[in-house]
$ cat start.pdb   # PDB, C-alpha atoms, pLDDT in the B column
MODEL        1
ATOM      1  CA  GLN A  51     104.152 -31.309 100.093  1.00 32.00           C
ATOM      2  CA  SER A  52     106.837 -33.890 100.370  1.00 33.00           C
ATOM      3  CA  ARG A  53     110.247 -33.789 101.997  1.00 35.00           C
ATOM      4  CA  SER A  54     113.342 -34.136  99.889  1.00 39.00           C
ATOM      5  CA  TYR A  55     117.035 -33.361  99.809  1.00 38.00           C
ATOM      6  CA  TRP A  56     116.076 -29.779  98.925  1.00 38.00           C
ATOM      7  CA  ASP A  57     113.969 -29.448 102.093  1.00 41.00           C
ATOM      8  CA  SER A  58     117.069 -29.893 104.242  1.00 43.00           C
ATOM      9  CA  PHE A  59     119.054 -27.519 102.021  1.00 42.00           C
ATOM     10  CA  PHE A  60     116.379 -24.799 102.296  1.00 44.00           C
ATOM     11  CA  GLY A  61     115.632 -25.454 105.974  1.00 50.00           C
ATOM     12  CA  GLY A  62     112.292 -27.221 105.695  1.00 50.00           C
ATOM     13  CA  PRO A  63     109.414 -27.948 103.366  1.00 50.00           C
ATOM     14  CA  ARG A  64     109.066 -25.509 100.498  1.00 47.00           C
ATOM     15  CA  ARG A  65     105.843 -23.940  99.314  1.00 52.00           C
ATOM     16  CA  TRP A  66     105.646 -24.015  95.540  1.00 50.00           C
ATOM     17  CA  GLU A  67     103.366 -21.593  93.741  1.00 60.00           C
ATOM     18  CA  SER A  68     102.032 -21.478  90.237  1.00 63.00           C
ATOM     19  CA  LEU A  69     100.481 -18.533  88.456  1.00 79.00           C
ATOM     20  CA  GLY A  70      97.879 -18.586  85.751  1.00 87.00           C
ATOM     21  CA  SER A  71      94.555 -17.276  84.600  1.00 91.00           C
ATOM     22  CA  GLY A  72      91.024 -18.554  84.259  1.00 93.00           C
ATOM     23  CA  PHE A  73      87.485 -17.397  83.610  1.00 93.00           C
ATOM     24  CA  VAL A  74      84.002 -17.918  85.009  1.00 94.00           C
ATOM     25  CA  VAL A  75      81.795 -20.180  82.880  1.00 95.00           C
ATOM     26  CA  ASP A  76      78.870 -20.620  85.313  1.00 94.00           C
ATOM     27  CA  GLU A  77      78.290 -17.794  87.778  1.00 91.00           C
ATOM     28  CA  GLN A  78      75.518 -19.552  89.726  1.00 90.00           C
ATOM     29  CA  ARG A  79      77.680 -22.577  90.493  1.00 92.00           C
ATOM     30  CA  GLY A  80      80.923 -20.565  90.648  1.00 92.00           C
ATOM     31  CA  LEU A  81      82.619 -22.668  87.964  1.00 95.00           C
ATOM     32  CA  ILE A  82      85.919 -21.488  86.525  1.00 95.00           C
ATOM     33  CA  VAL A  83      87.917 -22.942  83.628  1.00 97.00           C
ATOM     34  CA  THR A  84      91.710 -22.911  83.498  1.00 95.00           C
ATOM     35  CA  ASN A  85      94.523 -25.121  82.239  1.00 93.00           C
ATOM     36  CA  GLN A  86      95.426 -28.228  84.202  1.00 93.00           C
ATOM     37  CA  HIS A  87      99.102 -27.247  84.102  1.00 91.00           C
ATOM     38  CA  VAL A  88      98.199 -24.062  86.032  1.00 92.00           C
ATOM     39  CA  ILE A  89      96.985 -26.037  89.054  1.00 90.00           C
ATOM     40  CA  GLY A  90      99.252 -29.076  88.631  1.00 88.00           C
ATOM     41  CA  SER A  91      99.155 -31.201  91.777  1.00 84.00           C
ATOM     42  CA  ALA A  92      98.287 -28.288  94.058  1.00 87.00           C
ATOM     43  CA  THR A  93      97.038 -29.027  97.548  1.00 87.00           C
ATOM     44  CA  GLU A  94      95.562 -25.517  97.826  1.00 91.00           C
ATOM     45  CA  ILE A  95      94.073 -23.449  94.999  1.00 92.00           C
ATOM     46  CA  LEU A  96      93.404 -19.756  95.469  1.00 90.00           C
ATOM     47  CA  VAL A  97      91.550 -17.542  93.004  1.00 89.00           C
ATOM     48  CA  MET A  98      91.879 -13.761  92.955  1.00 86.00           C
ATOM     49  CA  ASP A  99      89.194 -11.654  91.319  1.00 82.00           C
ATOM     50  CA  HIS A 100      89.756  -8.381  89.473  1.00 79.00           C
ATOM     51  CA  GLU A 101      89.300  -6.401  92.719  1.00 81.00           C
ATOM     52  CA  GLY A 102      92.001  -8.355  94.535  1.00 83.00           C
ATOM     53  CA  GLN A 103      89.693 -10.500  96.672  1.00 86.00           C
ATOM     54  CA  VAL A 104      91.059 -14.002  97.238  1.00 89.00           C
ATOM     55  CA  PHE A 105      88.845 -17.087  97.350  1.00 91.00           C
ATOM     56  CA  GLU A 106      89.627 -20.720  98.035  1.00 93.00           C
ATOM     57  CA  ALA A 107      88.755 -22.915  95.069  1.00 94.00           C
ATOM     58  CA  GLN A 108      87.910 -26.595  94.937  1.00 95.00           C
ATOM     59  CA  LEU A 109      88.966 -28.781  92.055  1.00 95.00           C
ATOM     60  CA  VAL A 110      85.879 -30.141  90.299  1.00 96.00           C
ATOM     61  CA  GLY A 111      87.807 -32.092  87.691  1.00 94.00           C
ATOM     62  CA  ALA A 112      90.938 -32.010  85.571  1.00 94.00           C
ATOM     63  CA  ASP A 113      92.257 -33.763  82.500  1.00 91.00           C
ATOM     64  CA  GLU A 114      96.027 -33.698  82.064  1.00 89.00           C
ATOM     65  CA  GLY A 115      95.775 -35.089  78.529  1.00 85.00           C
ATOM     66  CA  ILE A 116      93.916 -32.102  77.146  1.00 87.00           C
ATOM     67  CA  ASP A 117      95.271 -29.733  79.814  1.00 91.00           C
ATOM     68  CA  LEU A 118      91.949 -28.504  81.193  1.00 94.00           C
ATOM     69  CA  ALA A 119      90.703 -28.032  84.751  1.00 96.00           C
ATOM     70  CA  VAL A 120      87.378 -26.916  86.201  1.00 97.00           C
ATOM     71  CA  LEU A 121      87.357 -25.207  89.587  1.00 96.00           C
ATOM     72  CA  GLN A 122      84.502 -24.159  91.862  1.00 95.00           C
ATOM     73  CA  VAL A 123      84.513 -21.086  94.074  1.00 94.00           C
ATOM     74  CA  GLN A 124      81.804 -20.318  96.625  1.00 89.00           C
ATOM     75  CA  GLY A 125      80.910 -16.641  97.043  1.00 81.00           C
ATOM     76  CA  LEU A 126      82.494 -15.426  93.824  1.00 78.00           C
ATOM     77  CA  SER A 127      80.283 -12.780  92.268  1.00 78.00           C
ATOM     78  CA  LEU A 128      81.651 -12.392  88.778  1.00 81.00           C
ATOM     79  CA  PRO A 129      79.619 -12.733  85.594  1.00 87.00           C
ATOM     80  CA  ALA A 130      80.190 -15.709  83.341  1.00 93.00           C
ATOM     81  CA  VAL A 131      81.679 -15.222  79.913  1.00 94.00           C
ATOM     82  CA  GLU A 132      79.746 -16.138  76.799  1.00 96.00           C
ATOM     83  CA  LEU A 133      81.175 -19.137  74.981  1.00 96.00           C
ATOM     84  CA  GLY A 134      81.301 -18.694  71.222  1.00 95.00           C
ATOM     85  CA  ALA A 135      82.310 -20.939  68.335  1.00 94.00           C
ATOM     86  CA  SER A 136      85.890 -21.063  67.120  1.00 93.00           C
ATOM     87  CA  GLN A 137      84.806 -22.487  63.745  1.00 90.00           C
ATOM     88  CA  GLN A 138      82.905 -19.296  62.957  1.00 92.00           C
ATOM     89  CA  ILE A 139      85.933 -17.034  63.162  1.00 92.00           C
ATOM     90  CA  ARG A 140      88.106 -16.843  60.065  1.00 94.00           C
ATOM     91  CA  VAL A 141      91.887 -16.770  59.906  1.00 94.00           C
ATOM     92  CA  GLY A 142      92.910 -13.106  59.879  1.00 93.00           C
ATOM     93  CA  GLU A 143      90.115 -11.873  62.147  1.00 96.00           C
ATOM     94  CA  ASP A 144      90.850 -10.017  65.390  1.00 96.00           C
ATOM     95  CA  VAL A 145      91.164 -11.914  68.672  1.00 96.00           C
ATOM     96  CA  PHE A 146      91.929 -10.761  72.214  1.00 95.00           C
ATOM     97  CA  ALA A 147      93.911 -12.735  74.791  1.00 93.00           C
ATOM     98  CA  VAL A 148      93.213 -11.963  78.450  1.00 92.00           C
ATOM     99  CA  GLY A 149      95.486 -13.074  81.237  1.00 89.00           C
ATOM    100  CA  ASN A 150      97.955 -12.289  83.985  1.00 85.00           C
ATOM    101  CA  PRO A 151     101.307 -12.199  82.152  1.00 81.00           C
ATOM    102  CA  TYR A 152     104.282 -12.713  84.458  1.00 78.00           C
ATOM    103  CA  GLY A 153     102.002 -11.849  87.400  1.00 77.00           C
ATOM    104  CA  HIS A 154     101.644  -8.207  86.344  1.00 78.00           C
ATOM    105  CA  GLY A 155      97.871  -8.294  86.701  1.00 78.00           C
ATOM    106  CA  HIS A 156      94.995  -8.247  84.302  1.00 82.00           C
ATOM    107  CA  SER A 157      96.086  -7.673  80.739  1.00 87.00           C
ATOM    108  CA  VAL A 158      94.515  -7.735  77.286  1.00 91.00           C
ATOM    109  CA  THR A 159      96.473  -8.227  74.092  1.00 91.00           C
ATOM    110  CA  ARG A 160      95.160  -7.987  70.556  1.00 94.00           C
ATOM    111  CA  GLY A 161      96.120  -9.994  67.512  1.00 94.00           C
ATOM    112  CA  ILE A 162      94.618 -12.127  64.807  1.00 93.00           C
ATOM    113  CA  LEU A 163      93.686 -15.743  64.471  1.00 92.00           C
ATOM    114  CA  SER A 164      96.769 -16.880  62.569  1.00 89.00           C
ATOM    115  CA  ALA A 165      95.827 -20.503  61.893  1.00 78.00           C
ATOM    116  CA  ARG A 166      93.669 -23.348  63.178  1.00 81.00           C
ATOM    117  CA  ALA A 167      94.188 -27.067  63.787  1.00 73.00           C
ATOM    118  CA  ARG A 168      97.801 -26.627  64.865  1.00 71.00           C
ATOM    119  CA  SER A 169      99.488 -29.602  66.487  1.00 66.00           C
ATOM    120  CA  LEU A 170     101.820 -29.320  69.452  1.00 65.00           C
ATOM    121  CA  GLY A 171     102.676 -33.017  69.203  1.00 60.00           C
ATOM    122  CA  ARG A 172     100.846 -34.050  72.366  1.00 59.00           C
ATOM    123  CA  ASP A 173      97.867 -36.234  71.424  1.00 56.00           C
ATOM    124  CA  GLU A 174      94.849 -36.721  69.181  1.00 53.00           C
ATOM    125  CA  PHE A 175      93.130 -33.650  70.670  1.00 56.00           C
ATOM    126  CA  ASP A 176      95.950 -31.445  69.401  1.00 62.00           C
ATOM    127  CA  LEU A 177      93.938 -29.053  67.237  1.00 83.00           C
ATOM    128  CA  PHE A 178      94.942 -25.675  68.642  1.00 84.00           C
ATOM    129  CA  LEU A 179      94.078 -22.214  67.431  1.00 92.00           C
ATOM    130  CA  GLN A 180      97.197 -20.178  66.646  1.00 89.00           C
ATOM    131  CA  THR A 181      97.321 -16.457  67.362  1.00 91.00           C
ATOM    132  CA  ASP A 182      99.829 -13.641  67.358  1.00 90.00           C
ATOM    133  CA  ALA A 183      98.089 -12.013  70.344  1.00 89.00           C
ATOM    134  CA  ALA A 184     100.690 -12.076  73.112  1.00 86.00           C
ATOM    135  CA  ILE A 185     100.271 -15.068  75.425  1.00 85.00           C
ATOM    136  CA  ASN A 186     102.931 -15.140  78.118  1.00 82.00           C
ATOM    137  CA  PRO A 187     103.636 -17.193  81.244  1.00 82.00           C
ATOM    138  CA  GLY A 188     100.779 -16.415  83.631  1.00 82.00           C
ATOM    139  CA  SER A 189      98.284 -16.041  80.778  1.00 85.00           C
ATOM    140  CA  SER A 190      97.699 -19.797  80.562  1.00 90.00           C
ATOM    141  CA  GLY A 191      94.101 -20.657  81.287  1.00 91.00           C
ATOM    142  CA  GLY A 192      92.799 -17.248  80.276  1.00 93.00           C
ATOM    143  CA  PRO A 193      90.219 -16.690  77.571  1.00 95.00           C
ATOM    144  CA  LEU A 194      90.818 -15.957  73.906  1.00 96.00           C
ATOM    145  CA  PHE A 195      87.936 -13.745  72.767  1.00 96.00           C
ATOM    146  CA  ASP A 196      86.583 -12.977  69.310  1.00 96.00           C
ATOM    147  CA  ALA A 197      85.777  -9.374  68.319  1.00 95.00           C
ATOM    148  CA  GLU A 198      82.213  -9.821  69.632  1.00 95.00           C
ATOM    149  CA  GLY A 199      83.441 -10.657  73.147  1.00 96.00           C
ATOM    150  CA  ARG A 200      82.729 -14.401  73.031  1.00 97.00           C
ATOM    151  CA  VAL A 201      85.303 -16.916  74.212  1.00 97.00           C
ATOM    152  CA  ILE A 202      86.635 -18.984  71.318  1.00 96.00           C
ATOM    153  CA  GLY A 203      89.507 -20.665  73.151  1.00 95.00           C
ATOM    154  CA  VAL A 204      91.592 -21.157  76.289  1.00 95.00           C
ATOM    155  CA  ASN A 205      95.121 -19.713  76.114  1.00 92.00           C
ATOM    156  CA  THR A 206      97.310 -22.770  76.598  1.00 87.00           C
ATOM    157  CA  ALA A 207     100.814 -22.577  75.168  1.00 80.00           C
ATOM    158  CA  ILE A 208     103.453 -20.463  73.512  1.00 80.00           C
ATOM    159  CA  ASP A 209     106.143 -21.352  71.040  1.00 77.00           C
ATOM    160  CA  ALA A 210     109.298 -20.846  73.081  1.00 70.00           C
ATOM    161  CA  ARG A 211     111.460 -20.452  69.969  1.00 73.00           C
ATOM    162  CA  GLY A 212     110.140 -17.020  69.151  1.00 66.00           C
ATOM    163  CA  GLU A 213     107.712 -14.305  70.006  1.00 68.00           C
ATOM    164  CA  SER A 214     104.127 -13.789  68.975  1.00 75.00           C
ATOM    165  CA  ILE A 215     103.130 -17.401  68.431  1.00 87.00           C
ATOM    166  CA  GLY A 216     100.539 -18.530  70.945  1.00 89.00           C
ATOM    167  CA  PHE A 217      98.098 -21.408  71.023  1.00 89.00           C
ATOM    168  CA  ALA A 218      94.598 -21.730  72.442  1.00 92.00           C
ATOM    169  CA  MET A 219      92.438 -24.800  72.969  1.00 92.00           C
ATOM    170  CA  PRO A 220      89.253 -24.406  70.866  1.00 94.00           C
ATOM    171  CA  VAL A 221      86.093 -23.704  72.859  1.00 95.00           C
ATOM    172  CA  GLU A 222      84.319 -26.706  71.311  1.00 94.00           C
ATOM    173  CA  LEU A 223      86.814 -29.037  72.996  1.00 92.00           C
ATOM    174  CA  VAL A 224      86.466 -27.040  76.228  1.00 93.00           C
ATOM    175  CA  ARG A 225      82.657 -27.466  76.192  1.00 94.00           C
ATOM    176  CA  ALA A 226      82.905 -31.221  75.664  1.00 92.00           C
ATOM    177  CA  ALA A 227      85.579 -31.681  78.338  1.00 92.00           C
ATOM    178  CA  MET A 228      83.698 -29.500  80.832  1.00 90.00           C
ATOM    179  CA  ALA A 229      80.595 -31.638  80.446  1.00 91.00           C
ATOM    180  CA  LEU A 230      82.625 -34.725  81.367  1.00 91.00           C
ATOM    181  CA  LEU A 231      84.644 -33.111  84.165  1.00 92.00           C
ATOM    182  CA  VAL A 232      81.674 -31.506  85.916  1.00 89.00           C
TER
ENDMDL
END

$ encode --input "start.pdb" --output "structure tokens"
Amino acid sequence: QSRSYWDSFFGGPRRWESLGSGFVVDEQRGLIVTNQHVIGSATEILVMDHEGQVFEAQLVGADEGIDLAVLQVQGLSLPAVELGASQQIRVGEDVFAVGNPYGHGHSVTRGILSARARSLGRDEFDLFLQTDAAINPGSSGGPLFDAEGRVIGVNTAIDARGESIGFAMPVELVRAAMALLV
């Protein structure tokens, strides 16, 4: 936290909160993947499981350029997801986005893989999966599953100009980044 003009206006330091999603990738080590923009420059990171239990998380590593963060939580007893392969799913096949849209709690939306290798104009790693499965604020960092229940991407962005255009970071990039961040 830092003091600013706004601190005096609001009567003291403000606590800023961010909301997002994530998923367990290694249950023995308690590793969770999310987007870097979900945690930002947080000084405290809390993770809530599906039963409402809250755990303090430690940042293992983050990369702002590709927008990925790895967290570690001690005592979390959730199973890890199975990572799949985004190249094996064809455009037009069913996908499922899981997240916490607008803070309403756990939610699953269904759509199709609309396109692959979409650019959001950020950098050379800009090869996103496009889906029409609803991805809303709060769903960032959540998994994009194939019809077999394997994670093929990390829900990362939406096209603010219209509805039903969401983007997910391909799981192959997630695997490579995780190896470096951990």

$ atom_distance --input "start.pdb" --atom1 "CA of Val83 (chain A)" --atom2 "CA of Ser214 (chain A)"
23.7 Å

$ closest_residue --input "start.pdb" --among "A:Ala184, A:Val97, A:Ile116, A:Leu163" --to "Met219 (chain A)" --atoms "all atoms listed in the file"
A:Ile116

$ residues_around --input "start.pdb" --residues "Arg200 (chain A)" --least-positions-apart "4" --cutoff "8 Å" --atoms "all atoms listed in the file" --output "ChimeraX atom specification"
/A:131-134,195-196

$ closest_residue --input "start.pdb" --among "A:Glu198, A:Ser71, A:Arg211, A:Ala229" --to "Gln138 (chain A)" --atoms "all atoms listed in the file"
A:Glu198

$ residues_around --input "start.pdb" --residues "region 139-155 of chain A" --least-positions-apart "3" --cutoff "8 Å" --atoms "only C-alpha atoms" --output "ChimeraX atom specification"
/A:69-72,135-136,158-166,181,183-197,205

$ atom_distance --input "start.pdb" --atom1 "CA of Glu94 (chain A)" --atom2 "CA of Gly111 (chain A)"
14.4 Å
